[in-house]
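Read the structure below first, then the notes.
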Amino acid sequence: MGILNFILLAIAHYILGWGILKAIGIRQISASIQYTLVSLLFGLGLSSLLPVIMEMLSIPVNKMNLLITIVLVTIIPAFFLVKEPRQSFRAVMNRYAGKFKLYDLVFILLLIYLLLPGILKCVYYPPVPRDLTSGAEAIAEYTLKEQHINNSYFSVDLSSTDNYQKPPFLLGLQIIYKMYVQPFGQVWLILFGCVFFSFLYVILRKMVHPILAGLATVLVLAIPEFYPYTVVLPLYDFPNTVYLLFGFYYLFLFVKDKDKQNLWLSSVGFGMATLVRPETIFLLLLICISYYISQIIASGKVVVKAAFFSCCILMLTAFVLDFFTMEIFVKHFIPSKLEFSNKFTSDLSNLAPLYRRWELLTEVLMFTKTGASRDLSQPLYAETFNIMVVFIMIELAFVFVTRKIHFNAACWFGFMVLVFILLLLIGYLLPFTEFTNAKRGLFKIIPLIFIFSVNTRAVQYISQKIVSWESGK
Amino acid sequence: MKPNTKKSGPQNLPKAANIGQKISLTEKSPSFISDKSVLLSIAFLVVLLLIRQTKSYSYFYTDKIVENYSEMRDVRDIDNYMDIDVRKMLKWQDAYRILKGIRKVTQNDTNFILLVPPRSYLHLSNKKIEIPEPAVCYYYASLKTARSTSSYAYKCSHVLVVNNQDVSMIKIRSKSHIDSLLQVYKPYSY
């Protein structure tokens, strides 16, 4: 029953996400692996709001009401999906048949082998992270018993935690999956993990030869600190990373071809990332400022109207979702006493936190020799940041020799720099943030490192050689 | 940096700069299995095996893959291994067992709230028990608890005390009793 409900929920997420893509005018979204994955996770993110909306409307959050709500929100996109002109199964298979090779199958089998133990643990064990058991999961547990999010959990001594004031993203998903799939809820993370690695492979495959794409994807998966959060431990950072990847990828496409569709997709991606972690707004501001300045430099004008509107579109979804969840729901429907603004630094002239954060990120986490892993001998992120440095150096050598900047590599390098600046700024503006915040914050940069690496001219050159050799040209 | 039209450096570099824009990586080619796709698949696996030999990736493979597979095989040897309570016990361990035990003996007392002393105070006993924060206690076992540092402490009906290296639960007699307990806990921390 649990597995069937899991599949049905995944279909409902897909339909809802498909509806979003259709609503923002995305063409050719049917029978495309990439858009199927994006639809699934956009739908998953929006579904997390359903129990929240029910609570705001004072509708008891029980099995029947939630089922009716899910059906209601999926029925309209489902109607349009059914009406959509359909390609025959044979046509779809023909479209992919020529592109799918033995090494793709090898990669898929390897991915299953590597993800399976994590998936089994996720299904078998109850949630462990304190952020979850003292917040979203505990509230979800009593929501199931008492049919309201504002339940007896809030009658307990909450002086030791502020986890109940975090965005309701995990809370919503925990309620839905605990209600219909299994008692610990957390299996929605499996969807995130599988979609993330599949999406990464699909987009890398468009940039380089599939075996290089597979290699890069496996290197992302094989990061000791990252792996558990992708399929075992349901927390905020990994879903945030996934949505940021969507946002960055479509922003990259927009910057490249100026197609408004990609801008909207990017806006939804960043919006979902903000739904999971509100501080993503700072990153969006950094992105918009950088984009605006780059457009001014490119066009030579002081004000670029089109760039300003693009920035507005980029920020729109994030502001709407953040306002709805944090300003309306958390402030007015959750019995909270904590003021988030109290956490901001009051002394902006004090640069010590910024320096401490720099040291923490670079010396302790990214380039440590001893590491901070459980046995205190292994780097947390394996060789990821060393790989990044090597490819930056090689690309710089290419720039130096050819006197040309390669657009794709420069763009992804820019994204990496922006995320790094965000991580520094968070430590500076919110000095209370601790070690784990920086440790998991670095997740955001991991997929960007590997996308940047495959876009460097050295890897592109190798990729072209493999493609030429394989096609016999 | 402005692009420079002058050619410089090794001959192959300008060519490399344009890579990725002219070739189609997704163009159709006839067969799923060809000699070259087999060779590339083998090369892919060999490279991964070489990477796996390095210290940090070998740590990942052993710690996250091999050990997790073996852990999931081992749980099948446990009686009733699919039982929800068994699964909770395996992960939450002593804290869950203790809280469930307290909940069981106090389930008829509707006003029961347990005052949990600081961790370092509880560690004065031989048992070194760990009690999680109140929100987690409520989640694990529907047991209401409070910390001595919170105003909730005055709502508590019972308290854990360390006596002769042992931990026991006693009823709180009065507000002044709580005050005296809070004085005792002052040097200790959670």
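Chain labels follow the order of the structure tokens: the first chain is A, the next B, and so on; residue numbering restarts at 1 in every chain, and ligands are counted from 1 in their shown order.
Excluding stretch 107-111 of chain B itself and any same-chain residue fewer than 3 positions from it, the protein and nucleic acid residues within 10 Å of it, counting only C-alpha atoms, are Ile102, Arg103, Lys104, Leu114, Ser142, Leu143, Lys144, Lys155, Cys156, Ser157 and His158 of chain B.
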Print the selection's residues with N, CA and C atoms to a file, as a PDB file, in the first residue's frame.
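See out11.pdb below for the written result:
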```pdb
ATOM      1  N   ILE B 102       9.338   5.706  31.242  1.00  0.00           N
ATOM      2  CA  ILE B 102       8.741   6.720  32.134  1.00  0.00           C
ATOM      3  C   ILE B 102       7.283   6.971  31.728  1.00  0.00           C
ATOM      4  N   ARG B 103       7.059   7.041  30.431  1.00  0.00           N
ATOM      5  CA  ARG B 103       5.705   7.299  29.922  1.00  0.00           C
ATOM      6  C   ARG B 103       4.746   6.187  30.356  1.00  0.00           C
ATOM      7  N   LYS B 104       5.255   4.957  30.326  1.00  0.00           N
ATOM      8  CA  LYS B 104       4.414   3.805  30.651  1.00  0.00           C
ATOM      9  C   LYS B 104       3.923   3.872  32.102  1.00  0.00           C
ATOM     10  N   LEU B 114       7.927  16.290  33.504  1.00  0.00           N
ATOM     11  CA  LEU B 114       9.192  15.901  34.151  1.00  0.00           C
ATOM     12  C   LEU B 114      10.235  17.014  34.011  1.00  0.00           C
ATOM     13  N   SER B 142       5.537  11.060  23.685  1.00  0.00           N
ATOM     14  CA  SER B 142       4.432  11.895  24.182  1.00  0.00           C
ATOM     15  C   SER B 142       4.644  12.272  25.645  1.00  0.00           C
ATOM     16  N   LEU B 143       5.873  12.450  26.017  1.00  0.00           N
ATOM     17  CA  LEU B 143       6.213  12.752  27.409  1.00  0.00           C
ATOM     18  C   LEU B 143       6.581  14.229  27.518  1.00  0.00           C
ATOM     19  N   LYS B 144       5.838  14.944  28.397  1.00  0.00           N
ATOM     20  CA  LYS B 144       6.141  16.376  28.559  1.00  0.00           C
ATOM     21  C   LYS B 144       7.278  16.539  29.563  1.00  0.00           C
ATOM     22  N   LYS B 155       6.220  24.376  36.215  1.00  0.00           N
ATOM     23  CA  LYS B 155       5.001  23.599  35.940  1.00  0.00           C
ATOM     24  C   LYS B 155       5.230  22.104  36.182  1.00  0.00           C
ATOM     25  N   CYS B 156       6.484  21.730  36.484  1.00  0.00           N
ATOM     26  CA  CYS B 156       6.822  20.300  36.553  1.00  0.00           C
ATOM     27  C   CYS B 156       6.263  19.632  37.807  1.00  0.00           C
ATOM     28  N   SER B 157       5.907  18.360  37.631  1.00  0.00           N
ATOM     29  CA  SER B 157       5.374  17.603  38.770  1.00  0.00           C
ATOM     30  C   SER B 157       6.413  16.630  39.321  1.00  0.00           C
ATOM     31  N   HIS B 158       7.358  16.231  38.490  1.00  0.00           N
ATOM     32  CA  HIS B 158       8.377  15.263  38.913  1.00  0.00           C
ATOM     33  C   HIS B 158       9.759  15.728  38.446  1.00  0.00           C
TER      34      HIS B 158
END
```
Closest atom pairs, chain A residues within 6 Å of chain B, only C-alpha atoms, as JSON lines:
```
{"residue": "A:Gly98", "atom": "CA", "partner": "B:Lys28", "partner_atom": "CA", "distance": 4.7}
{"residue": "A:Lys99", "atom": "CA", "partner": "B:Lys28", "partner_atom": "CA", "distance": 5.5}
{"residue": "A:Lys101", "atom": "CA", "partner": "B:Phe32", "partner_atom": "CA", "distance": 4.6}
{"residue": "A:Leu102", "atom": "CA", "partner": "B:Ile33", "partner_atom": "CA", "distance": 5.7}
{"residue": "A:Tyr103", "atom": "CA", "partner": "B:Ser41", "partner_atom": "CA", "distance": 4.7}
{"residue": "A:Pro117", "atom": "CA", "partner": "B:Tyr69", "partner_atom": "CA", "distance": 5.3}
{"residue": "A:Tyr125", "atom": "CA", "partner": "B:Arg87", "partner_atom": "CA", "distance": 5.8}
{"residue": "A:Pro126", "atom": "CA", "partner": "B:Lys88", "partner_atom": "CA", "distance": 6.0}
{"residue": "A:Thr133", "atom": "CA", "partner": "B:Val136", "partner_atom": "CA", "distance": 5.7}
{"residue": "A:Ser134", "atom": "CA", "partner": "B:Val136", "partner_atom": "CA", "distance": 4.9}
{"residue": "A:Ala138", "atom": "CA", "partner": "B:Tyr139", "partner_atom": "CA", "distance": 5.0}
{"residue": "A:Asp157", "atom": "CA", "partner": "B:Ala146", "partner_atom": "CA", "distance": 5.5}
{"residue": "A:Pro224", "atom": "CA", "partner": "B:Phe60", "partner_atom": "CA", "distance": 5.2}
{"residue": "A:Ala382", "atom": "CA", "partner": "B:Ser56", "partner_atom": "CA", "distance": 5.1}
{"residue": "A:Val401", "atom": "CA", "partner": "B:Gly9", "partner_atom": "CA", "distance": 5.5}
{"residue": "A:Arg403", "atom": "CA", "partner": "B:Asn4", "partner_atom": "CA", "distance": 5.5}
{"residue": "A:Lys404", "atom": "CA", "partner": "B:Pro3", "partner_atom": "CA", "distance": 5.0}
{"residue": "A:Arg457", "atom": "CA", "partner": "B:Ala17", "partner_atom": "CA", "distance": 5.9}
{"residue": "A:Gln460", "atom": "CA", "partner": "B:Ile19", "partner_atom": "CA", "distance": 5.7}
{"residue": "A:Tyr461", "atom": "CA", "partner": "B:Ala16", "partner_atom": "CA", "distance": 5.4}
```
Could you tell me how far atom CA of A:Ala318 lies from atom CA of A:Ile70, in Å and to one decimal?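 So the two atoms, atom CA of A:Ala318 and atom CA of A:Ile70, lie 22.9 Å apart.
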Could you tell me how far atom CA of A:Val276 lies from atom CA of A:Asn240, in Å and to one decimal?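 Straight-line distance from atom CA of A:Val276 to atom CA of A:Asn240 works out to 5.7 Å.
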Determine which residues of stretch 18-80 of chain A receive a DSSP assignment of helix (DSSP H, G or I), computed from the backbone, and state them as a PyMOL selection string. chain A and resi 18-23+33-47+50-56+63-80
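For stretch 202-210 of chain A, the list of residues within 8 Å, based on only C-alpha atoms and with local chain neighbours fewer than 4 positions off taken out, reads Ile33, Gln34, Tyr103, Asp104, Ser198, Gly214, Ile451, Val454, Asn455, Val459, Gln460, Ser463, Gln464, Ile466 and Val467 of chain A; Gly20, Leu25 and Thr26 of chain B.
For B:Lys128, the residues within 10 Å (counting only C-alpha atoms, excluding itself and residues fewer than 6 positions away along the chain) are Arg119, Ser120, Tyr121, Leu122, Gln165, Asp166 and Val167 of chain B.
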Near B:Ala95, within 7 Å and counting only C-alpha atoms, which residues show up once chain neighbours fewer than 3 positions away are dropped, as a list in words?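 The filter keeps Trp92, Ile98, Leu99, Glu130 and Ile131 of chain B.
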Save out the residues we just selected, N, CA and C atoms, as a PDB file, in the first residue's frame.
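out19.pdb, freshly written:
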```
ATOM      1  N   TRP B  92      17.101   5.349  18.013  1.00  0.00           N
ATOM      2  CA  TRP B  92      17.075   6.341  19.097  1.00  0.00           C
ATOM      3  C   TRP B  92      17.635   5.775  20.401  1.00  0.00           C
ATOM      4  N   ILE B  98      14.234   4.799  27.740  1.00  0.00           N
ATOM      5  CA  ILE B  98      14.000   5.438  29.040  1.00  0.00           C
ATOM      6  C   ILE B  98      12.705   6.255  29.011  1.00  0.00           C
ATOM      7  N   LEU B  99      12.547   7.040  27.960  1.00  0.00           N
ATOM      8  CA  LEU B  99      11.358   7.899  27.875  1.00  0.00           C
ATOM      9  C   LEU B  99      10.078   7.065  27.759  1.00  0.00           C
ATOM     10  N   GLU B 130      21.270   9.930  28.820  1.00  0.00           N
ATOM     11  CA  GLU B 130      21.104  11.105  27.959  1.00  0.00           C
ATOM     12  C   GLU B 130      19.614  11.310  27.719  1.00  0.00           C
ATOM     13  N   ILE B 131      19.112  12.470  28.142  1.00  0.00           N
ATOM     14  CA  ILE B 131      17.708  12.788  27.869  1.00  0.00           C
ATOM     15  C   ILE B 131      17.694  13.923  26.845  1.00  0.00           C
TER      16      ILE B 131
END
```
If you count only C-alpha atoms, which residues fall within 8 Å of stretch 278-294 of chain A, apart from same-chain ones fewer than 6 positions away, as a list of chain:residue names? A:Pro167, A:Phe270, A:Val304, A:Ala307, A:Phe308, A:Cys311, A:Leu314, A:Met315, A:Ala318, A:Phe319, A:Asp322, A:Leu418, A:Val419, A:Leu422
Residues of the last selection are to be written out with C-alpha atoms, as a compact mmCIF listing (two decimals), in the first residue's frame.
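Dumped to selection17.txt:
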```txt
# COMPACT_ATOMS: atom_id res chain seq x y z
CA PRO A 167 9.89 27.24 6.67
CA PHE A 270 15.08 29.99 -7.15
CA VAL A 304 18.99 48.73 -18.90
CA ALA A 307 17.70 43.72 -17.45
CA PHE A 308 15.70 45.37 -14.69
CA CYS A 311 15.68 40.77 -12.40
CA LEU A 314 13.81 36.33 -11.25
CA MET A 315 12.89 37.63 -7.80
CA ALA A 318 10.97 33.84 -4.36
CA PHE A 319 9.30 36.91 -2.86
CA ASP A 322 8.79 33.67 1.07
CA LEU A 418 28.28 34.16 -5.96
CA VAL A 419 27.41 31.14 -3.81
CA LEU A 422 26.65 34.21 0.03
```
What lies within 12 Å of stretch 363-366 of chain A using only C-alpha atoms, ignoring chain neighbours under 4 positions off, as a PyMOL selection string? chain A and resi 225+355-359+370-373+376+378-389+420+435-443+445-446
With N, CA and C atoms retained, export the selected residues as an mmCIF file, in the first residue's frame.
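Now in part07.cif:
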```
data_model
loop_
_atom_site.group_PDB
_atom_site.id
_atom_site.type_symbol
_atom_site.label_atom_id
_atom_site.label_comp_id
_atom_site.auth_asym_id
_atom_site.auth_seq_id
_atom_site.Cartn_x
_atom_site.Cartn_y
_atom_site.Cartn_z
ATOM 1 N N GLU A 225 30.400 13.588 2.889
ATOM 2 C CA GLU A 225 29.516 14.438 3.681
ATOM 3 C C GLU A 225 28.188 14.693 2.969
ATOM 4 N N TYR A 355 35.884 37.165 8.859
ATOM 5 C CA TYR A 355 37.191 36.506 8.801
ATOM 6 C C TYR A 355 37.096 35.077 9.352
ATOM 7 N N ARG A 356 36.352 34.941 10.466
ATOM 8 C CA ARG A 356 36.175 33.598 11.065
ATOM 9 C C ARG A 356 35.494 32.665 10.071
ATOM 10 N N ARG A 357 34.481 33.207 9.390
ATOM 11 C CA ARG A 357 33.745 32.406 8.416
ATOM 12 C C ARG A 357 34.665 31.991 7.254
ATOM 13 N N TRP A 358 35.495 32.915 6.810
ATOM 14 C CA TRP A 358 36.448 32.623 5.730
ATOM 15 C C TRP A 358 37.355 31.470 6.145
ATOM 16 N N GLU A 359 37.861 31.569 7.365
ATOM 17 C CA GLU A 359 38.755 30.517 7.878
ATOM 18 C C GLU A 359 38.033 29.179 7.972
ATOM 19 N N THR A 370 43.221 17.231 7.508
ATOM 20 C CA THR A 370 42.791 16.256 8.515
ATOM 21 C C THR A 370 41.302 16.004 8.447
ATOM 22 N N GLY A 371 40.519 17.010 7.966
ATOM 23 C CA GLY A 371 39.090 16.819 7.840
ATOM 24 C C GLY A 371 38.379 16.888 9.161
ATOM 25 N N ALA A 372 37.052 16.819 9.070
ATOM 26 C CA ALA A 372 36.264 16.868 10.294
ATOM 27 C C ALA A 372 35.252 15.743 10.283
ATOM 28 N N SER A 373 35.555 14.684 9.563
ATOM 29 C CA SER A 373 34.627 13.565 9.482
ATOM 30 C C SER A 373 34.721 12.728 10.746
ATOM 31 N N LEU A 376 37.914 11.623 11.944
ATOM 32 C CA LEU A 376 38.852 12.745 12.002
ATOM 33 C C LEU A 376 40.100 12.550 11.138
ATOM 34 N N GLN A 378 39.517 11.930 7.402
ATOM 35 C CA GLN A 378 39.146 12.059 5.988
ATOM 36 C C GLN A 378 38.518 13.418 5.698
ATOM 37 N N PRO A 379 38.889 14.048 4.583
ATOM 38 C CA PRO A 379 38.209 15.300 4.229
ATOM 39 C C PRO A 379 36.717 15.049 4.010
ATOM 40 N N LEU A 380 35.914 16.002 4.438
ATOM 41 C CA LEU A 380 34.456 15.831 4.331
ATOM 42 C C LEU A 380 33.987 15.746 2.884
ATOM 43 N N TYR A 381 34.646 16.491 2.012
ATOM 44 C CA TYR A 381 34.154 16.598 0.633
ATOM 45 C C TYR A 381 35.059 15.866 -0.349
ATOM 46 N N ALA A 382 35.778 14.853 0.144
ATOM 47 C CA ALA A 382 36.724 14.092 -0.686
ATOM 48 C C ALA A 382 37.641 15.072 -1.434
ATOM 49 N N GLU A 383 37.789 14.893 -2.732
ATOM 50 C CA GLU A 383 38.727 15.759 -3.469
ATOM 51 C C GLU A 383 38.015 16.882 -4.222
ATOM 52 N N THR A 384 36.736 17.116 -3.902
ATOM 53 C CA THR A 384 35.921 18.050 -4.689
ATOM 54 C C THR A 384 36.578 19.420 -4.870
ATOM 55 N N PHE A 385 37.034 20.007 -3.771
ATOM 56 C CA PHE A 385 37.555 21.373 -3.878
ATOM 57 C C PHE A 385 38.959 21.401 -4.492
ATOM 58 N N ASN A 386 39.673 20.293 -4.371
ATOM 59 C CA ASN A 386 40.958 20.209 -5.084
ATOM 60 C C ASN A 386 40.711 20.121 -6.589
ATOM 61 N N ILE A 387 39.691 19.348 -6.963
ATOM 62 C CA ILE A 387 39.310 19.248 -8.381
ATOM 63 C C ILE A 387 38.954 20.637 -8.903
ATOM 64 N N MET A 388 38.192 21.371 -8.082
ATOM 65 C CA MET A 388 37.785 22.722 -8.489
ATOM 66 C C MET A 388 39.019 23.597 -8.751
ATOM 67 N N VAL A 389 39.981 23.564 -7.840
ATOM 68 C CA VAL A 389 41.182 24.401 -7.987
ATOM 69 C C VAL A 389 41.949 24.001 -9.241
ATOM 70 N N PHE A 420 29.695 31.334 -3.031
ATOM 71 C CA PHE A 420 30.726 31.460 -1.999
ATOM 72 C C PHE A 420 30.579 32.789 -1.244
ATOM 73 N N PHE A 435 28.886 25.858 12.870
ATOM 74 C CA PHE A 435 29.704 25.003 12.008
ATOM 75 C C PHE A 435 28.859 24.243 10.986
ATOM 76 N N THR A 436 27.770 23.612 11.465
ATOM 77 C CA THR A 436 26.979 22.776 10.556
ATOM 78 C C THR A 436 26.351 23.614 9.441
ATOM 79 N N ASN A 437 26.039 24.872 9.742
ATOM 80 C CA ASN A 437 25.460 25.743 8.728
ATOM 81 C C ASN A 437 26.435 25.929 7.563
ATOM 82 N N ALA A 438 27.723 26.151 7.906
ATOM 83 C CA ALA A 438 28.738 26.324 6.865
ATOM 84 C C ALA A 438 28.997 25.002 6.157
ATOM 85 N N LYS A 439 29.034 23.931 6.935
ATOM 86 C CA LYS A 439 29.339 22.601 6.392
ATOM 87 C C LYS A 439 28.299 22.188 5.346
ATOM 88 N N ARG A 440 27.029 22.357 5.721
ATOM 89 C CA ARG A 440 25.981 21.964 4.781
ATOM 90 C C ARG A 440 25.720 23.051 3.736
ATOM 91 N N GLY A 441 26.090 24.284 4.065
ATOM 92 C CA GLY A 441 25.930 25.379 3.102
ATOM 93 C C GLY A 441 26.768 25.141 1.856
ATOM 94 N N LEU A 442 27.899 24.468 2.042
ATOM 95 C CA LEU A 442 28.789 24.198 0.894
ATOM 96 C C LEU A 442 28.170 23.239 -0.121
ATOM 97 N N PHE A 443 27.087 22.563 0.274
ATOM 98 C CA PHE A 443 26.407 21.669 -0.683
ATOM 99 C C PHE A 443 25.992 22.434 -1.945
ATOM 100 N N ILE A 445 27.355 24.591 -3.618
ATOM 101 C CA ILE A 445 28.408 24.865 -4.592
ATOM 102 C C ILE A 445 28.854 23.577 -5.318
ATOM 103 N N ILE A 446 28.555 22.417 -4.724
ATOM 104 C CA ILE A 446 29.083 21.151 -5.253
ATOM 105 C C ILE A 446 28.672 20.872 -6.709
#
```
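Nearest residue to A:Asn151, choosing from A:Tyr201, A:Phe323, A:Phe400, A:Tyr164 and counting only C-alpha atoms: A:Tyr164.
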For atom CA of A:Phe391 and atom CA of A:Lys444, the interatomic separation in Å (one decimal):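 If I compute the distance from atom CA of A:Phe391 to atom CA of A:Lys444, I get 18.4 Å.
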